[in-house]
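**Q** Sharing a structure with you now.
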There are 2 protein chains.
Amino acid sequence: MGRDRMTLLDRARNHEITEEIRCVAEAEGIDAEKLRRLVASGRVVIPGNICSRAAPVGIGECMRTRINANVGTSVDFADVGKEIEKARVAVRYGADAVMDLSTGGDPDAVLGGVLDAVSAPVGTVPIYRAVCSSTPLPDVTSDDLFNAVRSHAERGVDFMTVHAGVNRHVIDCLIESGRIMNVVSRGGALTIAWMLHHDCENPFYAEYDYLLEIAREYDVTLSLGDGMRPGCIADASDPAMFAEVVALGRLVRRARAAGVQCMVEGPGHVPMDDIEPGVRTMKQICDFAPLYLLGPLVTDIAPGYDHITGAIGGAIAGMYGADFLCMVTPAEHLALPTSDDIREGTIVTKIAAHAIDLVKPGVRERAFAQDRAMALARKHLDWDAQFECAINGERARSIHEARGSGSDACSMCGELCAIEVMKRALEGRE
Amino acid sequence: MGRDRMTLLDRARNHEITEEIRCVAEAEGIDAEKLRRLVASGRVVIPGNICSRAAPVGIGECMRTRINANVGTSVDFADVGKEIEKARVAVRYGADAVMDLSTGGDPDAVLGGVLDAVSAPVGTVPIYRAVCSSTPLPDVTSDDLFNAVRSHAERGVDFMTVHAGVNRHVIDCLIESGRIMNVVSRGGALTIAWMLHHDCENPFYAEYDYLLEIAREYDVTLSLGDGMRPGCIADASDPAMFAEVVALGRLVRRARAAGVQCMVEGPGHVPMDDIEPGVRTMKQICDFAPLYLLGPLVTDIAPGYDHITGAIGGAIAGMYGADFLCMVTPAEHLALPTSDDIREGTIVTKIAAHAIDLVKPGVRERAFAQDRAMALARKHLDWDAQFECAINGERARSIHEARGSGSDACSMCGELCAIEVMKRALEGRE
């Protein structure tokens, strides 16, 4: 059952510097043997299905902070072409990975299109496939769930979110918790609904070894979903969430023992001062598996701006160990995002990721070169060089040129530009 | 010289609960005697010129995090009406104070218009007035500088930024520092240029007692400017900056001794992991004077998005003690902002301020009520209530309605909405 073929994790443990490891080490500018050890320990993952067409991307310690963009149809908006276009937009503006979360129309067509359209690793949430078929949720069987995983693995999906930590004990904690929002993870809610309807344990938890077999066979990286992520500030950091983290930590160890790479997903809506303890605890309990965060959103009251509440929380989380940020768009909580929303969400998340990289051990020196280049361009009022260094140079240029100055500086200060004033004042003194 | 009239600080120390203190205590929902003690200690300021028409606003410990919007003409764009309109827009979207930084056209007309247009406290940087008159900088006298302060005080300005900490010692530290960007504070650069040209000490430092006399006479709150704020990540947290902080701490104590309220301004461009130590040090050295921050911007490479880099840095700074955030707009580093830029900058800064309030001692319980109301509205999929709770309900509604769902939920999930799925699954169990 797939035990014949060694996974990337097996090979790294076997002291082999694989092609993927060599490629990522070169892209990150770090020593390949050091990266091999990080992969072998599970602190870095390089998602890559055996059928993958993706350029390898490293996620975890000493890697630049990576960002993921979610695309996919919903029941209300099911245009296949538009979702494939969103995946292209996300990658063009800096997404390192794309998840196809399609739940409407023809999800298989979207997944195929996304896999063809981008060279970034692609992820999915297989339970969506199971419940979006014509079968109503109560009639979905445990086999259907695993078949969805297998089907996506066969298609070449590189990483998959599976809510394997949502077990009966965690649901008991949830019911006792008195949360306002209960569960806001769609995959988590579907998993729980299935469990409660059938009055049985979560198949992904109960038959986790079977899940690992499929993952091994295709060398799929598991992303252990956080079904208990808090959906509002009031629900943050409660026992239900940490009960699931404890479960996820055990699943991490079992995945690694089976030679399967895995990441752990994190919350959600979290007030700023809970982020550091939360991230440190998740990292510790889950043996420093790469941490993949949605947000955290640092307030509930900014719909329309949740790409920003997410960037604030994500940046703080990254400072304390988050490795992989899931883009949040301005449409979060409101609607399926447009391509423009995906672009803005991607750029803003990229900004948070770069701010993290400026303080991330093993990464900061490399990240800093970009800021230094921008500082020099500014010092010389070299506008083209500034746009060249910018995360979104087009945008910067259009703002600058729409309200140009009669001076070499910008129209905020004109000839009173502090840089120019100081240049004249310090002439001959420096 | 103005010693006859007691300032707000004098009166608070005299155990008087003034009308301003009563009014702010009520608005903040805290005990008036507690607020009186905070004002008396200098940990809270309530800026208010004796001729002020402003509704009093408290800034500092136990106060909600306040935000300021900068408006004002430049040499390139000098339309008086547009700047007054920007002040109105800023206040409409949540600015608690407005600074008029006009340097072009008819700055007096803008200041008069802004003072008439908004009931928020108004601040200025008087050195701009002195150097924007027809007199070239070398011919500006020390008297001209103080006259600019007096002129703004007479007009009713409530708080003023004066770069009194930029003394010869600080300039020596700057010249030794080898910074890339030197000085990016416009007022700081003008002050230094004046000092170097005349080869003499900073008049606002050398004759600080005279400055305090004028401030006392009109009960103007001083905002001690950070001329050394770093202009890029590479220049952050250097000796020049901390030399100025030490100078500002001494000036804080002298202001308080003279019965003059004061705040301290802070940087600038700062990598995330320097923010906590920087803010804690500034607070400590400056005897816990309210800290007024521009940014900090957590990376240099996002022109066009610096309202966001500033919101990330401002939110972190607020978690460690910053009290007053200066809005940054998307046009920062690029152009004089438009009204739309001011609106976006204000909203995003307001989001950061609210995220801070959710973790700020003495404030968090009050701030939390808004998030709880939003969570309840979301739980019930009550869209009108959600838009009511939102920082910008118009924006949220327009995104929601532009891509509506056939279900009660939003078009992201439709009938697979986690809230709905859980509601059905948990029926009878909670």
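Chain labels run A, B, ... following the order of the structure tokens; each chain numbers its residues from 1, and ligands are numbered from 1 in the order shown.
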I need the residues of region 77-290 of chain A that end up classed as helix (DSSP H, G or I) by DSSP on the backbone, written out as JSON, numbers by chain.
**A** {"A": [80, 81, 82, 83, 84, 85, 86, 87, 88, 89, 90, 91, 92, 107, 108, 109, 110, 111, 112, 113, 114, 115, 116, 117, 126, 127, 128, 129, 130, 131, 132, 137, 138, 139, 142, 143, 144, 145, 146, 147, 148, 149, 150, 151, 152, 153, 154, 155, 168, 169, 170, 171, 172, 173, 174, 175, 176, 177, 186, 187, 188, 189, 190, 191, 192, 193, 194, 195, 196, 197, 198, 203, 204, 205, 206, 208, 209, 210, 211, 212, 213, 214, 215, 216, 217, 218, 233, 234, 235, 239, 240, 241, 242, 243, 244, 245, 246, 247, 248, 249, 250, 251, 252, 253, 254, 255, 256, 257, 272, 273, 274, 275, 276, 277, 278, 279, 280, 281, 282, 283, 284, 285]}
**Q** Neighbouring residues of Asp96 (chain A) were defined as those with any atom within 9 Å, considering only C-alpha atoms; residues of the same chain fewer than 2 positions away were excluded. Please report them as number ranges by chain.
**A** A: 57, 66-69, 90-91, 94, 98, 120-121
**Q** With N, CA, C and O atoms kept, could you save the residues just selected as a short mmCIF file (atom, residue, chain, number, x, y, z; two decimals), in the first residue's frame?
**A**
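Result saved to result-v9.cif:
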data_model
loop_
_atom_site.label_atom_id
_atom_site.label_comp_id
_atom_site.auth_asym_id
_atom_site.auth_seq_id
_atom_site.Cartn_x
_atom_site.Cartn_y
_atom_site.Cartn_z
N VAL A 57 8.29 24.58 -3.14
CA VAL A 57 8.26 25.74 -2.24
C VAL A 57 8.44 25.21 -0.83
O VAL A 57 7.76 24.26 -0.43
N ARG A 66 5.54 32.30 3.66
CA ARG A 66 4.82 32.00 2.43
C ARG A 66 3.36 32.41 2.56
O ARG A 66 2.82 32.42 3.66
N ILE A 67 2.75 32.71 1.41
CA ILE A 67 1.33 33.06 1.47
C ILE A 67 0.53 32.21 0.49
O ILE A 67 1.00 31.84 -0.58
N ASN A 68 -0.68 31.90 0.91
CA ASN A 68 -1.60 31.11 0.11
C ASN A 68 -2.80 31.96 -0.26
O ASN A 68 -3.28 32.75 0.55
N ALA A 69 -3.30 31.75 -1.47
CA ALA A 69 -4.54 32.41 -1.90
C ALA A 69 -5.62 31.35 -2.10
O ALA A 69 -5.37 30.32 -2.73
N ALA A 90 -3.61 35.74 -8.38
CA ALA A 90 -2.97 35.56 -7.07
C ALA A 90 -1.47 35.28 -7.25
O ALA A 90 -0.64 35.89 -6.57
N VAL A 91 -1.14 34.39 -8.16
CA VAL A 91 0.28 34.05 -8.35
C VAL A 91 1.03 35.24 -8.94
O VAL A 91 2.16 35.54 -8.53
N GLY A 94 2.01 37.46 -6.20
CA GLY A 94 2.92 36.99 -5.17
C GLY A 94 2.48 35.81 -4.33
O GLY A 94 3.17 35.45 -3.38
N VAL A 98 -1.79 28.04 -3.95
CA VAL A 98 -3.21 28.34 -4.21
C VAL A 98 -4.04 27.18 -3.71
O VAL A 98 -3.72 26.02 -3.99
N ALA A 120 2.47 27.03 -8.95
CA ALA A 120 2.58 26.99 -7.48
C ALA A 120 1.94 25.71 -6.96
O ALA A 120 1.07 25.13 -7.63
N PRO A 121 2.34 25.24 -5.79
CA PRO A 121 1.66 24.09 -5.18
C PRO A 121 0.16 24.40 -5.01
O PRO A 121 -0.21 25.55 -4.73
#
**Q** CA of Leu381 (chain A) to CA of Ser407 (chain A): how many Å, to one decimal?
**A**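 One can read the CA of Leu381 (chain A) to CA of Ser407 (chain A) distance as 10.6 Å.
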**Q** Using CA of Asp235 (chain A) and CA of Ala97 (chain A) as the two end points, give the distance in Å to one decimal.
**A**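 About the pair CA of Asp235 (chain A) and CA of Ala97 (chain A): they are 29.1 Å apart.
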**Q** Would you tabulate, counting only C-alpha atoms, all residues of region 298-409 of chain B that have an atom at most 12 Å from an atom of region 314-319 of chain A, showing the closest pair of atoms and their distance in Å to one decimal, sorted by chain then ascending number, as a tab-separated table?
**A**
residue	atom	partner	partner_atom	distance
B:Val298	CA	A:Ala315	CA	9.5
B:Thr299	CA	A:Ala315	CA	11.4
B:Ile308	CA	A:Ala315	CA	11.2
B:Thr309	CA	A:Ala315	CA	10.0
B:Ala311	CA	A:Ala315	CA	10.9
B:Ile312	CA	A:Ala315	CA	7.3
B:Gly313	CA	A:Ala315	CA	9.3
B:Gly314	CA	A:Ile316	CA	11.7
B:Ala315	CA	A:Ile316	CA	9.5
B:Ile316	CA	A:Ile316	CA	7.6
B:Ala317	CA	A:Ile316	CA	11.2
B:Met319	CA	A:Ile316	CA	11.0
**Q** Please produce a file of the residues just selected, as an mmCIF file, in the first residue's frame, where the atoms kept are N, CA and C atoms.
**A**
data_model
loop_
_atom_site.group_PDB
_atom_site.id
_atom_site.type_symbol
_atom_site.label_atom_id
_atom_site.label_comp_id
_atom_site.auth_asym_id
_atom_site.auth_seq_id
_atom_site.Cartn_x
_atom_site.Cartn_y
_atom_site.Cartn_z
ATOM 1 N N VAL B 298 6.335 49.150 9.061
ATOM 2 C CA VAL B 298 7.115 47.949 9.357
ATOM 3 C C VAL B 298 7.911 47.430 8.162
ATOM 4 N N THR B 299 7.791 48.099 7.025
ATOM 5 C CA THR B 299 8.683 47.823 5.889
ATOM 6 C C THR B 299 8.732 49.071 5.016
ATOM 7 N N ILE B 308 -1.355 50.664 5.375
ATOM 8 C CA ILE B 308 -1.393 49.304 5.937
ATOM 9 C C ILE B 308 -0.109 48.981 6.690
ATOM 10 N N THR B 309 1.054 49.335 6.126
ATOM 11 C CA THR B 309 2.288 49.086 6.884
ATOM 12 C C THR B 309 2.247 49.889 8.188
ATOM 13 N N ALA B 311 -0.580 50.704 9.811
ATOM 14 C CA ALA B 311 -1.584 50.100 10.702
ATOM 15 C C ALA B 311 -0.993 48.895 11.426
ATOM 16 N N ILE B 312 -0.171 48.119 10.729
ATOM 17 C CA ILE B 312 0.465 46.969 11.374
ATOM 18 C C ILE B 312 1.377 47.474 12.506
ATOM 19 N N GLY B 313 2.231 48.435 12.180
ATOM 20 C CA GLY B 313 3.163 48.940 13.192
ATOM 21 C C GLY B 313 2.454 49.674 14.315
ATOM 22 N N GLY B 314 1.443 50.463 13.947
ATOM 23 C CA GLY B 314 0.707 51.218 14.959
ATOM 24 C C GLY B 314 -0.013 50.293 15.928
ATOM 25 N N ALA B 315 -0.588 49.226 15.394
ATOM 26 C CA ALA B 315 -1.314 48.278 16.250
ATOM 27 C C ALA B 315 -0.352 47.630 17.246
ATOM 28 N N ILE B 316 0.815 47.231 16.766
ATOM 29 C CA ILE B 316 1.790 46.608 17.670
ATOM 30 C C ILE B 316 2.252 47.641 18.704
ATOM 31 N N ALA B 317 2.541 48.846 18.242
ATOM 32 C CA ALA B 317 3.000 49.895 19.166
ATOM 33 C C ALA B 317 1.953 50.177 20.234
ATOM 34 N N MET B 319 -0.184 48.137 21.440
ATOM 35 C CA MET B 319 -0.223 47.030 22.401
ATOM 36 C C MET B 319 0.791 47.272 23.513
#
**Q** Need to verify the contact set: Arg397 (chain A), 12 Å, only C-alpha atoms, exclusion of same-chain residues closer than 6 positions in sequence. Can you return it as a list in words?
**A**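 Listed by chain and then number, they are Trp383, Asp384, Ala385, Gln386, Phe387, Glu388, Cys389, Ala390, Ile391, Arg403, Gly404 and Cys410 of chain A; Ala302, Pro303, Gly304, Pro330, Ala331, His333, Leu334 and Ala335 of chain B.
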